[in-house]
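Colleague: If it helps, the file is called protein16.pdb and holds PDB, C-alpha atoms:
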ATOM      1  CA  MET D1117     -81.210  20.850 123.465
ATOM      2  CA  LYS D1118     -79.075  22.108 126.312
ATOM      3  CA  PHE D1119     -78.068  25.754 126.204
ATOM      4  CA  ASN D1120     -75.047  26.867 128.194
ATOM      5  CA  TRP D1121     -74.388  30.190 126.502
ATOM      6  CA  PHE D1122     -75.115  31.970 129.785
ATOM      7  CA  LYS D1123     -72.171  30.386 131.546
ATOM      8  CA  LYS D1124     -69.391  32.812 132.302
ATOM      9  CA  ILE D1125     -66.297  31.987 130.314
ATOM     10  CA  VAL D1126     -63.088  32.576 132.241
ATOM     11  CA  LYS D1127     -59.761  32.078 130.513
ATOM     12  CA  ASP D1128     -57.507  29.724 132.429
ATOM     13  CA  TYR D1129     -54.242  31.664 132.479
ATOM     14  CA  PRO D1130     -50.959  30.040 133.540
ATOM     15  CA  LYS D1131     -49.714  30.718 137.052
ATOM     16  CA  PHE D1132     -46.890  33.073 135.997
ATOM     17  CA  TRP D1133     -49.393  35.378 134.268
ATOM     18  CA  GLU D1134     -51.784  35.419 137.208
ATOM     19  CA  THR D1135     -48.858  36.267 139.496
ATOM     20  CA  TYR D1136     -47.844  39.132 137.197
ATOM     21  CA  LEU D1137     -51.391  40.527 136.989
ATOM     22  CA  ALA D1138     -51.681  40.426 140.780
ATOM     23  CA  TYR D1139     -48.983  43.107 141.057
ATOM     24  CA  PHE D1140     -51.428  45.574 139.541
ATOM     25  CA  ASP D1141     -54.145  45.046 142.137
ATOM     26  CA  GLU D1142     -55.241  48.221 143.909
ATOM     27  CA  ASN D1143     -54.096  46.840 147.238
ATOM     28  CA  GLN D1144     -50.498  46.571 146.095
ATOM     29  CA  SER D1145     -47.875  49.000 147.399
ATOM     30  CA  ASN D1146     -47.238  51.846 144.971
ATOM     31  CA  SER D1147     -43.545  52.283 145.786
ATOM     32  CA  LYS D1148     -41.849  53.984 142.853
ATOM     33  CA  ARG D1149     -39.592  51.480 141.131
ATOM     34  CA  TYR D1150     -38.320  51.959 137.609
ATOM     35  CA  VAL D1151     -36.862  49.211 135.453
ATOM     36  CA  VAL D1152     -34.669  50.266 132.548
ATOM     37  CA  PHE D1153     -34.439  47.523 129.954
ATOM     38  CA  ASP D1154     -33.212  46.736 126.484
ATOM     39  CA  CYS D1155     -33.671  43.855 124.062
ATOM     40  CA  GLU D1156     -31.102  42.788 121.505
ATOM     41  CA  THR D1157     -32.952  41.279 118.555
ATOM     42  CA  THR D1158     -32.380  39.573 115.226
ATOM     43  CA  GLY D1159     -33.784  42.646 113.470
ATOM     44  CA  LEU D1160     -36.318  45.454 113.616
ATOM     45  CA  ASP D1161     -39.466  43.616 112.477
ATOM     46  CA  TYR D1162     -41.302  42.724 115.678
ATOM     47  CA  LYS D1163     -43.496  40.204 113.841
ATOM     48  CA  SER D1164     -40.775  38.124 112.204
ATOM     49  CA  ASP D1165     -37.696  38.855 114.335
ATOM     50  CA  ARG D1166     -36.907  37.411 117.753
ATOM     51  CA  ILE D1167     -35.280  38.503 120.997
ATOM     52  CA  LEU D1168     -31.644  37.462 121.456
ATOM     53  CA  SER D1169     -31.087  38.872 124.933
ATOM     54  CA  ILE D1170     -32.780  40.993 127.584
ATOM     55  CA  GLY D1171     -30.937  43.237 130.011
ATOM     56  CA  ALA D1172     -32.614  45.208 132.795
ATOM     57  CA  VAL D1173     -31.632  47.201 135.870
ATOM     58  CA  ALA D1174     -33.780  48.805 138.570
ATOM     59  CA  ILE D1175     -33.837  52.410 139.776
ATOM     60  CA  GLN D1176     -35.213  53.497 143.133
ATOM     61  CA  ASN D1177     -34.762  56.691 145.118
ATOM     62  CA  GLU D1178     -32.870  58.324 142.240
ATOM     63  CA  GLN D1179     -30.227  55.594 142.264
ATOM     64  CA  ILE D1180     -29.365  52.699 139.986
ATOM     65  CA  ILE D1181     -29.595  49.577 142.123
ATOM     66  CA  VAL D1182     -26.643  47.650 140.704
ATOM     67  CA  GLY D1183     -27.579  44.484 142.597
ATOM     68  CA  ASP D1184     -31.133  44.580 141.239
ATOM     69  CA  PHE D1185     -30.566  43.550 137.642
ATOM     70  CA  MET D1186     -31.182  40.720 135.210
ATOM     71  CA  GLU D1187     -29.654  39.507 131.979
ATOM     72  CA  VAL D1188     -30.713  36.512 129.904
ATOM     73  CA  PHE D1189     -29.675  35.130 126.532
ATOM     74  CA  LEU D1190     -32.189  33.263 124.416
ATOM     75  CA  GLN D1191     -31.848  30.177 122.289
ATOM     76  CA  GLN D1192     -31.889  31.240 118.667
ATOM     77  CA  ASP D1193     -34.497  29.470 116.595
ATOM     78  CA  ILE D1194     -34.144  32.292 114.084
ATOM     79  CA  PHE D1195     -30.549  33.238 113.285
ATOM     80  CA  LYS D1196     -29.483  36.160 111.123
ATOM     81  CA  PRO D1197     -25.698  36.208 110.722
ATOM     82  CA  GLU D1198     -25.831  39.718 109.261
ATOM     83  CA  SER D1199     -26.915  41.074 112.672
ATOM     84  CA  VAL D1200     -24.003  39.515 114.596
ATOM     85  CA  PRO D1201     -21.580  42.457 113.981
ATOM     86  CA  ILE D1202     -24.091  44.719 115.790
ATOM     87  CA  HIS D1203     -24.816  42.713 118.939
ATOM     88  CA  GLY D1204     -22.010  40.124 118.877
ATOM     89  CA  ILE D1205     -24.287  37.254 119.928
ATOM     90  CA  LEU D1206     -23.477  34.012 118.123
ATOM     91  CA  LYS D1207     -25.948  31.184 117.635
ATOM     92  CA  GLU D1208     -23.647  28.783 119.472
ATOM     93  CA  GLY D1209     -21.868  31.335 121.648
ATOM     94  CA  LYS D1210     -20.433  30.827 125.124
ATOM     95  CA  GLU D1211     -23.432  32.380 126.895
ATOM     96  CA  GLU D1212     -25.876  30.069 128.626
ATOM     97  CA  LYS D1213     -29.090  30.317 126.620
ATOM     98  CA  ILE D1214     -32.662  29.611 127.669
ATOM     99  CA  VAL D1215     -35.883  29.212 125.723
ATOM    100  CA  GLU D1216     -38.005  32.271 124.964
ATOM    101  CA  ALA D1217     -40.801  31.281 127.357
ATOM    102  CA  GLU D1218     -38.447  31.019 130.336
ATOM    103  CA  ALA D1219     -36.758  34.315 129.457
ATOM    104  CA  VAL D1220     -40.041  36.220 129.284
ATOM    105  CA  ILE D1221     -41.322  34.663 132.520
ATOM    106  CA  ARG D1222     -38.110  35.716 134.274
ATOM    107  CA  PHE D1223     -38.564  39.217 132.868
ATOM    108  CA  LEU D1224     -42.108  39.456 134.266
ATOM    109  CA  GLU D1225     -40.904  38.207 137.655
ATOM    110  CA  PHE D1226     -38.217  40.897 137.633
ATOM    111  CA  ILE D1227     -40.226  43.921 136.504
ATOM    112  CA  LYS D1228     -43.384  43.283 138.546
ATOM    113  CA  ASP D1229     -45.392  46.538 138.398
ATOM    114  CA  ALA D1230     -42.418  48.854 137.817
ATOM    115  CA  THR D1231     -42.508  51.706 135.319
ATOM    116  CA  LEU D1232     -40.531  50.553 132.285
ATOM    117  CA  ILE D1233     -37.856  52.803 130.804
ATOM    118  CA  GLY D1234     -36.094  52.452 127.470
ATOM    119  CA  HIS D1235     -34.718  54.322 124.482
ATOM    120  CA  HIS D1236     -37.334  53.907 121.746
ATOM    121  CA  VAL D1237     -39.015  51.688 124.303
ATOM    122  CA  ASP D1238     -42.115  50.947 122.217
ATOM    123  CA  PHE D1239     -40.114  48.547 120.054
ATOM    124  CA  ASP D1240     -38.741  46.615 123.029
ATOM    125  CA  ILE D1241     -42.194  46.429 124.617
ATOM    126  CA  GLU D1242     -43.676  45.142 121.370
ATOM    127  CA  MET D1243     -40.978  42.453 121.136
ATOM    128  CA  ILE D1244     -41.910  41.299 124.649
ATOM    129  CA  ASN D1245     -45.623  41.448 123.795
ATOM    130  CA  GLN D1246     -45.081  39.273 120.716
ATOM    131  CA  ALA D1247     -43.322  36.703 122.906
ATOM    132  CA  LEU D1248     -46.202  36.859 125.393
ATOM    133  CA  ASN D1249     -48.649  36.353 122.550
ATOM    134  CA  ARG D1250     -46.838  33.137 121.649
ATOM    135  CA  LEU D1251     -47.499  32.049 125.250
ATOM    136  CA  HIS D1252     -51.231  32.832 124.728
ATOM    137  CA  VAL D1253     -51.448  35.500 127.431
ATOM    138  CA  GLY D1254     -52.012  39.255 127.399
ATOM    139  CA  LYS D1255     -49.741  42.252 126.904
ATOM    140  CA  LEU D1256     -47.527  44.115 129.353
ATOM    141  CA  LYS D1257     -49.544  46.323 131.707
ATOM    142  CA  ASN D1258     -46.676  48.448 133.021
ATOM    143  CA  GLN D1259     -46.484  52.165 132.451
ATOM    144  CA  ALA D1260     -43.549  53.157 130.250
ATOM    145  CA  MET D1261     -41.317  56.161 129.600
ATOM    146  CA  ASP D1262     -39.055  56.757 126.605
ATOM    147  CA  THR D1263     -35.764  58.653 127.000
ATOM    148  CA  ASP D1264     -36.019  59.899 123.416
ATOM    149  CA  VAL D1265     -39.448  61.410 124.147
ATOM    150  CA  MET D1266     -38.105  62.892 127.396
ATOM    151  CA  TYR D1267     -35.348  64.630 125.448
ATOM    152  CA  GLN D1268     -37.881  65.909 122.894
ATOM    153  CA  LYS D1269     -39.848  67.483 125.744
ATOM    154  CA  LEU D1270     -36.727  68.948 127.330
ATOM    155  CA  LYS D1271     -35.667  70.634 124.081
ATOM    156  CA  TYR D1272     -39.170  71.281 122.718
ATOM    157  CA  LEU D1273     -38.403  69.166 119.667
ATOM    158  CA  PRO D1274     -41.075  67.969 117.225
ATOM    159  CA  VAL D1275     -42.220  64.380 117.769
ATOM    160  CA  GLU D1276     -40.763  63.332 114.410
ATOM    161  CA  GLN D1277     -37.257  64.488 115.376
ATOM    162  CA  HIS D1278     -35.632  61.479 117.016
ATOM    163  CA  SER D1279     -32.241  61.180 118.683
ATOM    164  CA  SER D1280     -30.172  58.026 118.911
ATOM    165  CA  LEU D1281     -28.836  56.689 122.185
ATOM    166  CA  ASP D1282     -25.305  57.436 120.966
ATOM    167  CA  GLU D1283     -26.212  61.073 120.257
ATOM    168  CA  LEU D1284     -27.714  61.601 123.696
ATOM    169  CA  CYS D1285     -24.787  59.896 125.399
ATOM    170  CA  ASP D1286     -22.481  62.375 123.646
ATOM    171  CA  ILE D1287     -24.673  65.329 124.633
ATOM    172  CA  PHE D1288     -24.855  64.279 128.291
ATOM    173  CA  LYS D1289     -21.255  62.989 128.436
ATOM    174  CA  ILE D1290     -22.204  59.411 129.280
ATOM    175  CA  LYS D1291     -19.530  56.788 128.655
ATOM    176  CA  LYS D1292     -20.742  54.264 126.092
ATOM    177  CA  SER D1293     -19.366  51.106 127.662
ATOM    178  CA  ASP D1294     -20.728  47.722 126.504
ATOM    179  CA  ARG D1295     -22.759  49.446 123.789
ATOM    180  CA  HIS D1296     -25.055  47.139 121.789
ATOM    181  CA  THR D1297     -25.325  44.603 124.570
ATOM    182  CA  ALA D1298     -28.696  44.414 126.317
ATOM    183  CA  SER D1299     -27.237  44.890 129.805
ATOM    184  CA  GLY D1300     -24.828  47.598 128.657
ATOM    185  CA  ASP D1301     -27.512  49.580 126.846
ATOM    186  CA  ALA D1302     -29.870  49.216 129.826
ATOM    187  CA  PHE D1303     -27.237  50.688 132.168
ATOM    188  CA  ILE D1304     -26.379  53.528 129.763
ATOM    189  CA  THR D1305     -30.077  54.316 129.337
ATOM    190  CA  ALA D1306     -30.509  54.285 133.120
ATOM    191  CA  LEU D1307     -27.807  56.954 133.463
ATOM    192  CA  LEU D1308     -29.472  58.996 130.698
ATOM    193  CA  PHE D1309     -32.900  58.593 132.308
ATOM    194  CA  LEU D1310     -31.688  59.935 135.667
ATOM    195  CA  LYS D1311     -30.160  62.999 133.984
ATOM    196  CA  LEU D1312     -33.312  63.729 131.963
ATOM    197  CA  LYS D1313     -35.572  63.052 134.943
ATOM    198  CA  LYS D1314     -33.700  65.627 136.985
ATOM    199  CA  LYS D1315     -33.708  68.246 134.219
ATOM    200  CA  LEU D1316     -37.441  67.732 133.643
ATOM    201  CA  ASN D1317     -38.059  67.842 137.415
ATOM    202  CA  ILE D1318     -39.941  64.555 137.382
ATOM    203  CA  LYS D1319     -40.590  63.278 140.898
TER     204      LYS D1319
END
Would you kindly transcribe this structure into structure tokens?
Modeller:
Amino acid sequence: MKFNWFKKIVKDYPKFWETYLAYFDENQSNSKRYVVFDCETTGLDYKSDRILSIGAVAIQNEQIIVGDFMEVFLQQDIFKPESVPIHGILKEGKEEKIVEAEAVIRFLEFIKDATLIGHHVDFDIEMINQALNRLHVGKLKNQAMDTDVMYQKLKYLPVEQHSSLDELCDIFKIKKSDRHTASGDAFITALLFLKLKKKLNIK
């Protein structure tokens, strides 16, 4: 009987995942780039719901880089009409839609090794991770910061006391344009992040 249990088993990852992982090599430049992102979804259950759109914009040197952004709309295999009044995305809408795999690959190509920013960002990260799981690869490796948690620290609030994006926009006098669109919420959150970052003296 031939035994080959001693052979090293190496998972054969697709090229896009190897490219993404390479950004986290020690030899990579550690220039500070933030990516603020938001996912519009069919609901709030990350296991059964799906991403409808992803919007993201980059921040460097304390500035929102308007030209460094992405927005994609996904084909809807799961459609929940009751969620349309919130995000306004129709199953057969006018937006050009791509499959989930392509959307997530584009997202990885955009974020690279940036620090991810979002409001209640854990949910958005988990939605991306579920999509990555369906592609049989690993989870996001990026560091992440949550604007809700930043506000809790600023005001010494208990961890269970959460604030909505609308509430913080009102507090910091941020115009809520294109609210409940992925790109609009990403831009609003980017403005909020810069204000909180300054008040918390985060370099």
Colleague: May I ask which of the residues D:Leu1308, D:Leu1224, D:Gln1277, D:Leu1270 is the closest one to D:Ala1172, counting only C-alpha atoms?
Modeller: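 For D:Ala1172, the nearest of the candidates is D:Leu1224.
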Colleague: Calculated over all atoms listed in the file, which of the candidates D:Ile1170, D:Val1265, D:Ala1247, D:Val1188 has the smallest distance to D:Ala1217?
Modeller: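 Among the listed residues, D:Ala1247 lies closest to D:Ala1217.
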Colleague: Out of D:Asp1161, D:Asp1240, D:Gln1192, D:Asn1258, which residue has the shortest atom-to-atom distance to D:Lys1228 when counting all atoms listed in the file?
Modeller: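 Between D:Asp1161, D:Asp1240, D:Gln1192, D:Asn1258, the residue approaching D:Lys1228 most closely is D:Asn1258.
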Colleague: To test your reading of the syntax: which residues would the PyMOL selection byres ((chain D and resi 1155) around 12) return for the file shown? Reply as an MDAnalysis selection string.
Modeller: chainID D and resid 1152:1154 1156:1160 1162 1165:1172 1186:1190 1203 1219:1220 1223 1233:1244 1296:1302
Colleague: Evaluating the PyMOL selection byres ((chain D and resi 1214) around 6) on the displayed file yields which residues, as a list in words?
Modeller: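 Selection result, ordered by chain and number: Leu1190, Gln1191, Lys1213 and Val1215 of chain D.
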Colleague: For the provided coordinates, the residues matched by the PyMOL selection byres ((chain D and resi 1173-1181) around 6) should be stated as JSON, numbers by chain.
Modeller: {"D": [1149, 1150, 1151, 1152, 1172, 1182, 1183, 1184, 1185]}
Colleague: Compare D:Ile1287, D:Trp1133, D:Leu1273, D:Met1261 by their minimum atom-to-atom distance to D:Ile1318, counting all atoms listed in the file, and give me the closest one.
Modeller: D:Met1261
Colleague: Rounded to one decimal place, report the atom CA of D:Gln1246-atom CA of D:Tyr1129 distance in Å.
Modeller: 16.7 Å
Colleague: Please measure the separation of atom CA of D:Asn1249 and atom CA of D:Asp1262, giving the value in Å to one decimal.
Modeller: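 These two atoms are separated by 22.9 Å.
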Colleague: Could you tell me how far atom CA of D:Asp1282 lies from atom CA of D:Glu1212, in Å and to one decimal?
Modeller: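 Taking atom CA of D:Asp1282 as the start and atom CA of D:Glu1212 as the end point, the length is 28.4 Å.
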Colleague: D:Lys1289: which residues within 12 Å, counting all atoms listed in the file, same-chain residues fewer than 6 positions away excluded, as a list of chain:residue names?
Modeller: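 The neighbour list is D:Leu1281, D:Asp1282, D:Glu1283, D:Ile1304, D:Leu1307, D:Leu1308, D:Lys1311.
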Colleague: Given all atoms listed in the file as the basis, pick out the residue of D:Ala1306, D:Arg1222, D:Asp1286, D:Glu1216 nearest to D:Thr1135.
Modeller: D:Arg1222
Colleague: Select, from D:Tyr1139, D:Tyr1272, D:Phe1226, D:Phe1288, the residue with the minimum atom-to-atom distance to D:Leu1312, counting all atoms listed in the file.
Modeller: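 Between D:Tyr1139, D:Tyr1272, D:Phe1226, D:Phe1288, the residue approaching D:Leu1312 most closely is D:Phe1288.
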